[in-house]
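Source file: my_file.txt. Holds: compact mmCIF, C-alpha atoms and all ligand atoms.
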```
# COMPACT_ATOMS: atom_id res chain seq x y z
CA MET A 1 -57.00 96.37 144.59
CA LEU A 2 -60.08 95.77 142.47
CA SER A 3 -58.91 93.75 139.51
CA LEU A 4 -60.44 92.18 136.47
CA SER A 5 -61.04 88.53 137.13
CA SER A 6 -63.43 85.76 136.29
CA SER A 7 -65.76 86.98 139.06
CA SER A 8 -68.71 89.26 138.43
CA ILE A 9 -70.33 92.09 140.33
CA LEU A 10 -74.06 92.21 141.06
CA VAL A 11 -75.44 95.75 140.82
CA THR A 12 -79.00 96.18 142.08
CA GLY A 13 -80.97 99.23 140.95
CA VAL A 14 -78.92 99.11 137.76
CA ALA A 15 -81.42 101.18 135.74
CA GLY A 16 -81.40 103.89 138.40
CA PHE A 17 -79.31 107.05 138.38
CA ILE A 18 -76.35 105.87 140.45
CA GLY A 19 -76.60 102.19 139.44
CA TYR A 20 -76.48 103.13 135.77
CA SER A 21 -73.54 105.51 136.15
CA LEU A 22 -71.54 103.00 138.20
CA THR A 23 -72.26 100.12 135.83
CA LEU A 24 -71.24 102.16 132.79
CA ARG A 25 -67.97 102.87 134.52
CA LEU A 26 -67.43 99.20 135.47
CA LEU A 27 -68.27 97.93 131.98
CA LYS A 28 -65.98 100.48 130.31
CA HIS A 29 -63.20 99.12 132.52
CA GLY A 30 -63.88 95.54 131.45
CA PHE A 31 -65.76 94.21 134.49
CA THR A 32 -68.58 91.72 134.16
CA VAL A 33 -71.81 93.04 135.68
CA VAL A 34 -75.07 91.29 136.45
CA GLY A 35 -77.72 93.99 136.84
CA VAL A 36 -81.11 93.77 138.53
CA ASP A 37 -83.91 96.33 138.53
CA ASN A 38 -87.70 96.08 138.64
CA LEU A 39 -88.07 99.21 136.46
CA ASN A 40 -90.83 100.53 138.70
CA ASP A 41 -92.74 103.67 137.73
CA TYR A 42 -91.81 105.88 140.71
CA TYR A 43 -90.44 108.14 137.98
CA ASP A 44 -90.36 108.12 134.18
CA VAL A 45 -89.72 104.49 133.16
CA SER A 46 -88.49 105.54 129.72
CA LEU A 47 -85.49 107.24 131.36
CA LYS A 48 -84.65 103.95 133.11
CA GLN A 49 -85.01 102.11 129.80
CA ALA A 50 -82.79 104.61 128.00
CA ARG A 51 -80.09 104.09 130.61
CA LEU A 52 -80.41 100.31 130.23
CA LYS A 53 -80.15 100.55 126.47
CA ASN A 54 -76.72 102.15 126.84
CA LEU A 55 -75.60 99.35 129.16
CA GLU A 56 -76.89 96.62 126.89
CA ASN A 57 -74.31 97.65 124.28
CA PHE A 58 -71.75 95.83 126.39
CA SER A 59 -71.41 92.05 126.03
CA CYS A 60 -70.23 91.64 129.64
CA PHE A 61 -73.55 92.98 130.95
CA LYS A 62 -76.51 90.79 131.82
CA PHE A 63 -79.80 92.34 132.93
CA TYR A 64 -82.69 90.83 134.89
CA GLN A 65 -85.96 92.63 135.47
CA ALA A 66 -86.69 91.46 139.01
CA ASN A 67 -87.99 92.74 142.30
CA ILE A 68 -85.27 92.39 144.95
CA SER A 69 -87.89 91.50 147.56
CA ASP A 70 -89.00 88.50 145.46
CA ARG A 71 -86.89 85.90 147.21
CA ALA A 72 -87.57 83.02 144.83
CA HIS A 73 -86.71 85.05 141.74
CA MET A 74 -83.58 86.54 143.31
CA GLN A 75 -82.45 83.07 144.40
CA GLN A 76 -82.82 81.83 140.83
CA ILE A 77 -80.70 84.67 139.48
CA TRP A 78 -78.12 84.16 142.23
CA ASP A 79 -77.83 80.42 141.60
CA HIS A 80 -77.43 81.07 137.91
CA HIS A 81 -74.37 83.27 138.55
CA PRO A 82 -71.98 81.50 140.95
CA SER A 83 -69.27 83.89 139.76
CA ILE A 84 -70.80 86.85 141.66
CA LEU A 85 -68.51 87.54 144.61
CA GLN A 86 -69.25 91.26 145.10
CA ILE A 87 -72.50 93.17 145.34
CA VAL A 88 -73.21 96.87 145.00
CA HIS A 89 -76.74 97.12 146.31
CA LEU A 90 -78.35 100.37 145.17
CA ALA A 91 -81.96 99.34 144.52
CA ALA A 92 -84.30 101.09 146.91
CA GLN A 93 -87.42 103.11 147.09
CA ALA A 94 -85.76 106.51 147.17
CA GLY A 95 -87.20 109.92 147.98
CA VAL A 96 -88.04 111.51 151.30
CA ARG A 97 -91.37 113.09 150.41
CA TYR A 98 -92.86 110.02 148.71
CA SER A 99 -92.36 108.06 151.96
CA LEU A 100 -95.22 110.10 153.41
CA ILE A 101 -97.47 108.93 150.57
CA ASN A 102 -96.54 105.28 150.01
CA PRO A 103 -94.81 104.02 153.18
CA PHE A 104 -95.09 100.32 152.40
CA ALA A 105 -93.03 100.71 149.20
CA TYR A 106 -90.13 101.60 151.53
CA ILE A 107 -90.63 98.58 153.77
CA GLU A 108 -90.86 96.26 150.77
CA SER A 109 -87.84 97.49 148.83
CA ASN A 110 -85.59 98.91 151.53
CA ILE A 111 -86.15 96.37 154.30
CA MET A 112 -87.34 93.14 152.64
CA GLY A 113 -85.25 93.80 149.55
CA HIS A 114 -82.12 94.64 151.54
CA MET A 115 -82.59 91.52 153.64
CA THR A 116 -83.02 89.34 150.53
CA ILE A 117 -79.74 90.58 149.06
CA LEU A 118 -77.85 90.08 152.32
CA GLU A 119 -79.17 86.53 152.62
CA LEU A 120 -77.86 85.76 149.14
CA ALA A 121 -74.44 87.11 150.11
CA ARG A 122 -74.48 84.94 153.25
CA GLN A 123 -74.97 81.74 151.23
CA ARG A 124 -71.91 82.13 149.06
CA GLU A 125 -68.59 80.77 150.15
CA ARG A 126 -65.72 83.04 149.09
CA PHE A 127 -68.11 86.00 148.96
CA GLN A 128 -65.92 89.10 149.03
CA HIS A 129 -67.80 92.35 149.60
CA PHE A 130 -71.31 93.74 150.12
CA ILE A 131 -71.54 97.47 149.38
CA TYR A 132 -74.88 99.18 149.91
CA ALA A 133 -76.44 102.62 149.64
CA SER A 134 -77.30 104.40 152.82
CA SER A 135 -78.16 108.08 152.90
CA SER A 136 -77.33 111.43 154.49
CA SER A 137 -80.95 111.42 155.62
CA VAL A 138 -79.99 109.07 158.50
CA TYR A 139 -78.60 112.16 160.28
CA GLY A 140 -82.22 113.29 160.55
CA GLY A 141 -82.76 115.77 163.35
CA ASN A 142 -79.02 116.22 164.05
CA THR A 143 -78.06 119.89 164.27
CA LYS A 144 -74.27 119.52 164.64
CA LEU A 145 -72.54 120.15 161.32
CA PRO A 146 -70.76 118.71 159.44
CA PHE A 147 -72.45 115.32 159.77
CA SER A 148 -69.86 112.82 160.90
CA ILE A 149 -70.00 109.02 160.83
CA GLU A 150 -69.11 109.20 164.55
CA ASP A 151 -72.35 111.07 165.30
CA ARG A 152 -75.32 109.23 166.72
CA CYS A 153 -78.22 109.17 164.32
CA ASP A 154 -81.24 107.89 166.14
CA THR A 155 -83.64 110.64 165.19
CA PRO A 156 -84.84 110.01 161.61
CA VAL A 157 -87.36 112.59 160.41
CA SER A 158 -88.77 110.43 157.61
CA LEU A 159 -89.62 106.76 157.10
CA TYR A 160 -87.12 106.73 154.20
CA ALA A 161 -84.36 107.70 156.64
CA ALA A 162 -85.56 105.11 159.16
CA THR A 163 -85.34 102.33 156.54
CA LYS A 164 -81.81 103.39 155.57
CA LYS A 165 -80.72 103.39 159.21
CA ALA A 166 -82.39 99.99 159.63
CA ASP A 167 -80.36 98.73 156.66
CA GLU A 168 -77.17 99.78 158.43
CA LEU A 169 -78.21 97.92 161.60
CA ILE A 170 -79.33 94.80 159.74
CA THR A 171 -76.01 94.76 157.85
CA GLN A 172 -74.08 95.18 161.09
CA SER A 173 -75.79 92.08 162.50
CA TYR A 174 -74.96 90.04 159.38
CA ALA A 175 -71.37 91.27 159.29
CA HIS A 176 -71.07 90.23 162.94
CA LEU A 177 -72.79 86.87 162.61
CA TYR A 178 -71.47 85.71 159.24
CA ARG A 179 -68.41 87.94 158.81
CA ILE A 180 -69.61 89.33 155.48
CA PRO A 181 -67.28 92.23 154.57
CA SER A 182 -69.72 95.12 154.20
CA THR A 183 -69.54 98.82 153.39
CA GLY A 184 -72.40 101.30 153.78
CA LEU A 185 -72.17 104.53 151.81
CA ARG A 186 -74.17 107.55 152.98
CA PHE A 187 -74.72 109.52 149.78
CA PHE A 188 -75.35 113.27 149.99
CA THR A 189 -77.78 114.75 147.38
CA VAL A 190 -76.35 113.34 144.17
CA TYR A 191 -76.88 115.18 140.87
CA GLY A 192 -75.58 115.11 137.32
CA PRO A 193 -76.30 113.75 133.82
CA TRP A 194 -78.89 110.93 133.75
CA GLY A 195 -80.09 112.13 137.16
CA ARG A 196 -83.36 111.56 138.96
CA PRO A 197 -86.42 113.51 137.81
CA ASP A 198 -87.80 113.70 141.36
CA MET A 199 -84.76 115.57 142.69
CA ALA A 200 -84.19 119.33 142.99
CA VAL A 201 -81.87 120.01 140.07
CA PHE A 202 -84.13 118.09 137.68
CA LEU A 203 -87.37 119.51 139.08
CA PHE A 204 -86.04 123.07 138.93
CA THR A 205 -84.74 122.65 135.38
CA ASN A 206 -88.04 121.17 134.19
CA ALA A 207 -89.97 123.98 135.85
CA ILE A 208 -87.83 126.76 134.37
CA VAL A 209 -87.92 125.21 130.88
CA ASN A 210 -91.72 124.86 131.04
CA ASP A 211 -92.39 128.26 132.71
CA HIS A 212 -93.78 126.60 135.82
CA PRO A 213 -93.14 127.97 139.32
CA ILE A 214 -90.39 126.34 141.39
CA GLN A 215 -91.39 125.30 144.88
CA VAL A 216 -88.62 126.61 147.14
CA PHE A 217 -88.99 125.09 150.57
CA ASN A 218 -87.86 126.66 153.84
CA TYR A 219 -88.23 130.02 152.06
CA GLY A 220 -84.97 129.44 150.18
CA LYS A 221 -82.89 128.98 153.35
CA MET A 222 -82.34 125.29 152.60
CA LYS A 223 -78.68 124.24 152.25
CA ARG A 224 -77.46 121.00 150.75
CA ASP A 225 -74.17 119.24 150.23
CA PHE A 226 -74.69 118.60 146.49
CA THR A 227 -72.43 115.85 145.19
CA TYR A 228 -71.65 115.37 141.53
CA ILE A 229 -72.27 111.88 140.17
CA ASP A 230 -68.69 111.29 138.94
CA ASP A 231 -67.37 111.99 142.45
CA ILE A 232 -69.87 109.50 143.89
CA ILE A 233 -68.77 106.87 141.37
CA GLU A 234 -65.13 107.46 142.38
CA GLY A 235 -66.21 106.88 145.97
CA ILE A 236 -67.95 103.60 145.13
CA MET A 237 -64.92 102.45 143.11
CA GLY A 238 -62.78 103.34 146.11
CA ALA A 239 -65.04 101.23 148.32
CA LEU A 240 -64.80 98.29 145.90
CA ASN A 241 -61.03 98.54 146.29
CA ALA A 242 -61.17 98.56 150.08
CA PRO A 243 -63.28 95.78 151.58
CA PRO A 244 -63.16 95.79 155.40
CA SER A 245 -60.81 93.11 156.70
CA GLN A 246 -62.38 89.82 157.78
CA GLU A 247 -59.42 89.30 160.09
CA ALA A 248 -60.37 92.18 162.39
CA SER A 249 -61.79 91.29 165.80
CA THR A 250 -64.84 93.48 165.23
CA ALA A 251 -67.54 92.91 162.59
CA PRO A 252 -66.13 93.67 159.10
CA HIS A 253 -68.55 96.55 158.46
CA LYS A 254 -67.64 100.16 157.72
CA ILE A 255 -69.84 103.17 157.01
CA TYR A 256 -68.70 106.25 155.09
CA ASN A 257 -70.07 109.63 154.05
CA LEU A 258 -69.88 110.41 150.34
CA GLY A 259 -70.58 114.13 150.05
CA ASN A 260 -68.92 117.11 148.46
CA ASN A 261 -68.02 118.63 151.85
CA LYS A 262 -69.58 121.98 150.87
CA SER A 263 -73.02 123.18 151.90
CA GLU A 264 -74.62 125.21 149.11
CA LYS A 265 -77.59 127.55 149.38
CA LEU A 266 -80.50 126.26 147.33
CA ILE A 267 -81.04 129.75 145.98
CA GLU A 268 -77.50 129.90 144.57
CA PHE A 269 -78.04 126.50 143.03
CA ILE A 270 -81.17 127.84 141.29
CA GLU A 271 -79.25 130.90 140.06
CA LEU A 272 -76.70 128.63 138.39
CA ILE A 273 -79.46 126.70 136.61
CA GLU A 274 -81.04 130.00 135.49
CA LYS A 275 -77.68 131.14 134.14
CA GLU A 276 -77.17 127.94 132.16
CA LEU A 277 -80.69 127.98 130.74
CA GLY A 278 -80.59 131.73 130.11
CA LYS A 279 -83.99 132.03 131.73
CA LYS A 280 -85.38 133.24 135.07
CA ALA A 281 -87.23 130.96 137.48
CA ILE A 282 -90.63 131.75 138.94
CA LEU A 283 -90.14 131.17 142.67
CA GLU A 284 -92.87 129.98 145.01
CA MET A 285 -91.54 130.36 148.56
CA LEU A 286 -92.87 127.68 150.94
CA PRO A 287 -92.18 126.50 154.51
CA LEU A 288 -89.95 123.51 155.33
CA GLN A 289 -91.71 120.28 154.35
CA ALA A 290 -92.35 117.42 156.74
CA GLY A 291 -89.51 114.90 156.46
CA ASP A 292 -86.97 117.41 155.09
CA VAL A 293 -83.88 118.63 156.93
CA PRO A 294 -82.82 122.29 156.56
CA GLU A 295 -79.12 121.64 155.93
CA SER A 296 -76.69 118.84 155.11
CA LEU A 297 -72.91 118.77 155.08
CA ALA A 298 -70.66 115.71 154.99
CA GLU A 299 -67.53 115.16 157.04
CA ILE A 300 -65.39 113.02 154.72
CA THR A 301 -62.02 112.48 156.42
CA ALA A 302 -62.49 108.70 156.80
CA SER A 303 -63.66 108.39 153.18
CA GLU A 304 -60.58 110.32 152.02
CA GLN A 305 -58.28 108.11 154.07
CA ASP A 306 -59.80 104.68 153.45
CA LEU A 307 -61.45 105.02 150.04
CA ASN A 308 -59.08 107.53 148.47
CA TYR A 309 -62.22 109.65 148.01
CA SER A 310 -61.63 113.20 146.86
CA PRO A 311 -64.61 115.07 145.36
CA THR A 312 -63.44 117.54 142.74
CA THR A 313 -66.60 118.95 141.16
CA PRO A 314 -68.03 122.23 142.48
CA ILE A 315 -71.64 123.03 141.51
CA SER A 316 -70.31 125.73 139.17
CA GLN A 317 -68.94 122.88 137.02
CA GLY A 318 -71.49 120.17 137.78
CA ILE A 319 -74.63 122.18 136.99
CA PRO A 320 -73.49 123.11 133.45
CA LYS A 321 -72.71 119.43 132.80
CA PHE A 322 -76.19 118.43 133.94
CA ILE A 323 -77.89 121.14 131.87
CA GLU A 324 -75.87 120.15 128.80
CA TRP A 325 -77.11 116.55 129.17
CA TYR A 326 -80.68 117.67 129.87
CA LYS A 327 -80.82 119.84 126.72
CA GLU A 328 -79.47 117.06 124.57
CA TYR A 329 -81.65 114.31 126.06
CA TYR A 330 -84.90 116.30 125.99
CA LYS A 331 -84.00 118.21 122.82
CA VAL A 332 -84.67 121.67 124.30
N1 LIG A 401 -79.53 110.12 144.49
C1 LIG A 401 -79.30 110.55 145.73
O1 LIG A 401 -79.12 111.75 145.97
C2 LIG A 401 -79.25 109.59 146.89
C3 LIG A 401 -78.96 110.10 148.16
C4 LIG A 401 -78.90 109.20 149.22
C5 LIG A 401 -79.09 107.85 149.03
N2 LIG A 401 -79.39 107.38 147.78
C6 LIG A 401 -79.59 105.95 147.63
O2 LIG A 401 -78.79 105.49 146.56
C7 LIG A 401 -79.43 104.42 145.88
C8 LIG A 401 -79.55 104.73 144.41
O3 LIG A 401 -80.29 105.94 144.28
P1 LIG A 401 -80.65 106.58 142.88
O4 LIG A 401 -80.58 108.05 143.06
O5 LIG A 401 -79.86 105.92 141.82
O6 LIG A 401 -82.19 106.17 142.79
P2 LIG A 401 -83.02 105.59 141.58
O7 LIG A 401 -84.45 105.59 142.04
O8 LIG A 401 -82.68 106.31 140.32
O9 LIG A 401 -82.49 104.11 141.47
C9 LIG A 401 -83.01 103.04 142.22
C10 LIG A 401 -83.36 101.93 141.24
O10 LIG A 401 -83.80 100.83 142.01
C11 LIG A 401 -84.92 100.25 141.38
N3 LIG A 401 -85.72 99.59 142.41
C12 LIG A 401 -86.43 100.17 143.41
N4 LIG A 401 -87.05 99.24 144.15
C13 LIG A 401 -86.71 98.04 143.60
C14 LIG A 401 -87.02 96.69 143.91
N5 LIG A 401 -87.84 96.39 144.93
N6 LIG A 401 -86.49 95.72 143.15
C15 LIG A 401 -85.67 96.01 142.12
N7 LIG A 401 -85.34 97.26 141.76
C16 LIG A 401 -85.85 98.26 142.51
C17 LIG A 401 -85.66 101.40 140.71
O11 LIG A 401 -86.43 100.97 139.60
C18 LIG A 401 -84.52 102.31 140.30
O12 LIG A 401 -84.14 102.09 138.95
C19 LIG A 401 -80.77 104.22 146.59
O13 LIG A 401 -80.59 103.22 147.55
C20 LIG A 401 -81.00 105.55 147.26
O14 LIG A 401 -81.84 105.43 148.39
C21 LIG A 401 -79.46 108.22 146.70
```
Kindly transcribe the structure held in the file into structure tokens.
Ligand SMILES: NC(=O)c1ccc[n+]([C@@H]2O[C@H](COP(=O)([O-])OP(=O)(O)OC[C@H]3O[C@@H](n4cnc5c(N)ncnc54)[C@H](O)[C@@H]3O)[C@@H](O)[C@H]2O)c1
Amino acid sequence: MLSLSSSSILVTGVAGFIGYSLTLRLLKHGFTVVGVDNLNDYYDVSLKQARLKNLENFSCFKFYQANISDRAHMQQIWDHHPSILQIVHLAAQAGVRYSLINPFAYIESNIMGHMTILELARQRERFQHFIYASSSSVYGGNTKLPFSIEDRCDTPVSLYAATKKADELITQSYAHLYRIPSTGLRFFTVYGPWGRPDMAVFLFTNAIVNDHPIQVFNYGKMKRDFTYIDDIIEGIMGALNAPPSQEASTAPHKIYNLGNNKSEKLIEFIELIEKELGKKAILEMLPLQAGDVPESLAEITASEQDLNYSPTTPISQGIPKFIEWYKEYYKV
């Protein structure tokens, strides 16, 4: 079991949506966290800074503004903290659509950055566990639902997805070669308070509040397994508690889906936001975008068994919680 000890946890992407929410949880439970983030301007930097400000209230939190693909800087940070024995690696260039615009940002952060972090883990004797963010997007062109970790996923439909799949393969090779206990988590469309402004729930809310049209792709027939942030954090905590055994004959590397196990129609999602805001959306119906998949749904049996993962938040509860945060944060 994950226990408080003299060791610390490195969280990369700590000023991001999931990194922030996880770190808050860890700090509240008395863990020592070293956080790294380059605070890039892919979306509103002030939101990242506001998240950081909340974390900096805790004395057992240490933050470094650093680019994870800067090997020399990351080495310096690593050498300064010999107590780090676990890593939750969440820093990445996220977003499917932006990978069509700025492909090299994905190679730099998601491939070079991922490799840099793994190399650090490899150097440390007694290193315990490398947890990293993968994505439901690795299922790409798969049409069989729900998406299962047993399914092949060799047909990415975006560069973002290809980098996440590459991360899984690179990690597999390191787990095999150096027996680094590693866990990859395929997150399914995460939403909730302190969420990402480039994602649907945030974009839709902004648009409705500001009387702008909402772009509804695939003419509203899009379906997503929306997963509430607290459920995702439970899943990551579960993973921290369950490092793959180094004793096993195979590489100590496991991959899990973290989804809500319910596929929701985008249109119903929008209706819930409208209800909470007390305002109708202006809908602009558009075709499916390049890089997007029409539907996602997670098969989570292995996550339930191994990580004690059990998502409990339906969108009917999660959306009101997000809107409540949004209204308070943006004073609307
Ligand atoms: N939110 C989701 O629905 C979702 C779904 C699937 C996978 N993921 C993955 O989960 C992880 C966290 O996602 P998130 O939603 O919190 O995204 P986010 O963009 O809010 O957080 C990522 C953080 O990483 C930082 N970062 C990016 N490149 C960096 C670099 N080179 N060096 C240092 N810091 C860097 C960013 O500044 C950001 O604060 C990412 O790996 C993402 O790909 C998220």
Practice problem: Write out as a list in words which residues come within 7 Å of A:Leu266 when counting only C-alpha atoms, dropping same-chain ones fewer than 2 positions away. | Solution: Gly220, Met222, Lys223, Arg224, Glu264, Glu268, Phe269 and Ile270 of chain A
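Residues lying within 10 Å of stretch 74-79 of chain A, counting only C-alpha atoms and ignoring same-chain neighbours fewer than 6 positions away, are Leu10, Val34, Val36, Tyr64, Ala66, Asn67, Ile68, Gly113, Thr116, Ile117, Glu119, Leu120, Ala121, Gln123 and Arg124 of chain A.
The smallest atom-to-atom distance between ligand LIG 401 (chain A) and any of A:Ala248, A:Val33, A:Leu39, A:Leu286, using all atoms listed in the file, is found for A:Leu39.
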Quiz item: Within 10 Å of (-61.2, 112.1, 143.2), in the coordinates the file gives, what residues turn up when you count all atoms listed in the file, written out as a list in words?
Solution: Asp230, Asp231, Ile232, Ile233, Glu234, Gly235, Gly238, Glu304, Leu307, Asn308, Tyr309, Ser310, Pro311, Thr312 and Thr313 of chain A
Write the residues of the selection above to a file with C-alpha atoms, as a short mmCIF file (atom, residue, chain, number, x, y, z; two decimals), keeping the file's coordinate frame.
```cif
data_model
loop_
_atom_site.label_atom_id
_atom_site.label_comp_id
_atom_site.auth_asym_id
_atom_site.auth_seq_id
_atom_site.Cartn_x
_atom_site.Cartn_y
_atom_site.Cartn_z
CA ASP A 230 -68.69 111.29 138.94
CA ASP A 231 -67.37 111.99 142.45
CA ILE A 232 -69.87 109.50 143.89
CA ILE A 233 -68.77 106.87 141.37
CA GLU A 234 -65.13 107.46 142.38
CA GLY A 235 -66.21 106.88 145.97
CA GLY A 238 -62.78 103.34 146.11
CA GLU A 304 -60.58 110.32 152.02
CA LEU A 307 -61.45 105.02 150.04
CA ASN A 308 -59.08 107.53 148.47
CA TYR A 309 -62.22 109.65 148.01
CA SER A 310 -61.63 113.20 146.86
CA PRO A 311 -64.61 115.07 145.36
CA THR A 312 -63.44 117.54 142.74
CA THR A 313 -66.60 118.95 141.16
#
```
Quiz item: Suppose you want the space between atom CA of A:Asn54 and atom CA of A:Leu24; what is it in Å?
Solution: 8.1 Å
Practice problem: For A:Ala175, list every protein, DNA or RNA residue within 7 Å, evaluated using only C-alpha atoms, and leave out those in the same chain fewer than 6 positions away; present the list as an MDAnalysis selection string. | Solution: chainID A and resid 181:182 251:253
Prev. selection, C-alpha atoms, output as a PDB file, in the frame of the given file:
```pdb
ATOM      1  CA  PRO A 181     -67.280  92.230 154.570  1.00  0.00           C
ATOM      2  CA  SER A 182     -69.720  95.120 154.200  1.00  0.00           C
ATOM      3  CA  ALA A 251     -67.540  92.910 162.590  1.00  0.00           C
ATOM      4  CA  PRO A 252     -66.130  93.670 159.100  1.00  0.00           C
ATOM      5  CA  HIS A 253     -68.550  96.550 158.460  1.00  0.00           C
TER       6      HIS A 253
END
```
Kindly assemble as a Markdown table a list of the chain A residues that lie within 6 Å of ligand LIG 401 (chain A), each paired with its nearest atom pair and their distance in Å to one decimal, using all atoms listed in the file, sorted first by chain and then by ascending residue number.
```
| residue | atom | partner | partner_atom | distance |
| --- | --- | --- | --- | --- |
| A:Gly13 | CA | A:LIG401 | O10 | 3.4 |
| A:Ala15 | CA | A:LIG401 | O12 | 4.3 |
| A:Gly16 | CA | A:LIG401 | O9 | 3.3 |
| A:Phe17 | CA | A:LIG401 | O5 | 3.7 |
| A:Ile18 | CA | A:LIG401 | O5 | 3.8 |
| A:Gly19 | CA | A:LIG401 | O5 | 5.5 |
| A:Asp37 | CA | A:LIG401 | N7 | 3.7 |
| A:Asn38 | CA | A:LIG401 | C15 | 4.0 |
| A:Leu39 | CA | A:LIG401 | O11 | 4.0 |
| A:Asn40 | CA | A:LIG401 | O11 | 4.5 |
| A:Ala66 | CA | A:LIG401 | C15 | 5.6 |
| A:Asn67 | CA | A:LIG401 | N6 | 3.4 |
| A:Ile68 | CA | A:LIG401 | N6 | 4.0 |
| A:Ser69 | CA | A:LIG401 | N5 | 5.6 |
| A:Leu90 | CA | A:LIG401 | C7 | 4.3 |
| A:Ala91 | CA | A:LIG401 | O10 | 3.5 |
| A:Ala92 | CA | A:LIG401 | C12 | 4.2 |
| A:Gln93 | CA | A:LIG401 | C12 | 4.8 |
| A:Ala94 | CA | A:LIG401 | O14 | 4.2 |
| A:Ser109 | CA | A:LIG401 | N5 | 4.1 |
| A:Gly113 | CA | A:LIG401 | N5 | 5.9 |
| A:Ala133 | CA | A:LIG401 | O13 | 4.7 |
| A:Ser134 | CA | A:LIG401 | C5 | 5.4 |
| A:Ser135 | CA | A:LIG401 | C4 | 3.9 |
| A:Ser136 | CA | A:LIG401 | C4 | 5.9 |
| A:Phe187 | CA | A:LIG401 | C4 | 4.2 |
| A:Phe188 | CA | A:LIG401 | C3 | 5.1 |
| A:Thr189 | CA | A:LIG401 | O1 | 3.6 |
| A:Val190 | CA | A:LIG401 | O1 | 3.7 |
| A:Arg196 | CA | A:LIG401 | O8 | 5.5 |
```
Practice problem: List the neighbours of A:Ile282 out to 8 Å using only C-alpha atoms; skip same-chain residues closer than 4 positions along the sequence, and give me the result as a VMD selection string. | Solution: chain A and resid 208 211 to 214
Please dump the current selection as a PDB file, in the frame of the given file; keep C-alpha atoms.
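Contents of selection.pdb, as written:
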```pdb
ATOM      1  CA  ILE A 208     -87.830 126.760 134.370  1.00  0.00           C
ATOM      2  CA  ASP A 211     -92.390 128.260 132.710  1.00  0.00           C
ATOM      3  CA  HIS A 212     -93.780 126.600 135.820  1.00  0.00           C
ATOM      4  CA  PRO A 213     -93.140 127.970 139.320  1.00  0.00           C
ATOM      5  CA  ILE A 214     -90.390 126.340 141.390  1.00  0.00           C
TER       6      ILE A 214
END
```
Self-check item: Separation of atom CA of A:His176 from atom CA of A:His129, in Å and rounded to one decimal
Solution: 13.9 Å
Practice problem: Could you check which of A:Phe61, A:Ala72, A:Arg152, A:Tyr160 is closest to A:Phe104, using all atoms listed in the file? | Solution: A:Tyr160
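The coordinates place atom CA of A:Ile255 at 28.7 Å from atom CA of A:Leu55.
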Give, as JSON, the centre coordinates and the x, y and z edge lengths in Å to one decimal for an axis-aligned box around all listed atoms of stretch 64-68 of chain A, padded by 3 Å on each side.
```
{"center_x": -85.3, "center_y": 91.8, "center_z": 139.9, "size_x": 11.3, "size_y": 7.9, "size_z": 16.1}
```
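A search radius of 12 Å centred on (-81.2, 131.8, 132.9), applied to all atoms listed in the file, returns the residues Phe204, Thr205, Ile208, Val209, Asp211, Phe269, Ile270, Glu271, Leu272, Ile273, Glu274, Lys275, Glu276, Leu277, Gly278, Lys279, Lys280, Ala281, Ile282, Pro320 and Ile323 of chain A.
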Quiz item: Using all atoms listed in the file, which residue out of A:Lys221, A:Pro244, A:Val138, A:Ile236 lies closest to A:Arg179?
Solution: A:Pro244
Quiz item: Hey, which of A:Ile107, A:Met115, A:Ile180, A:Leu297 ends up closest to A:Phe147? Count all atoms listed in the file.
Solution: A:Leu297
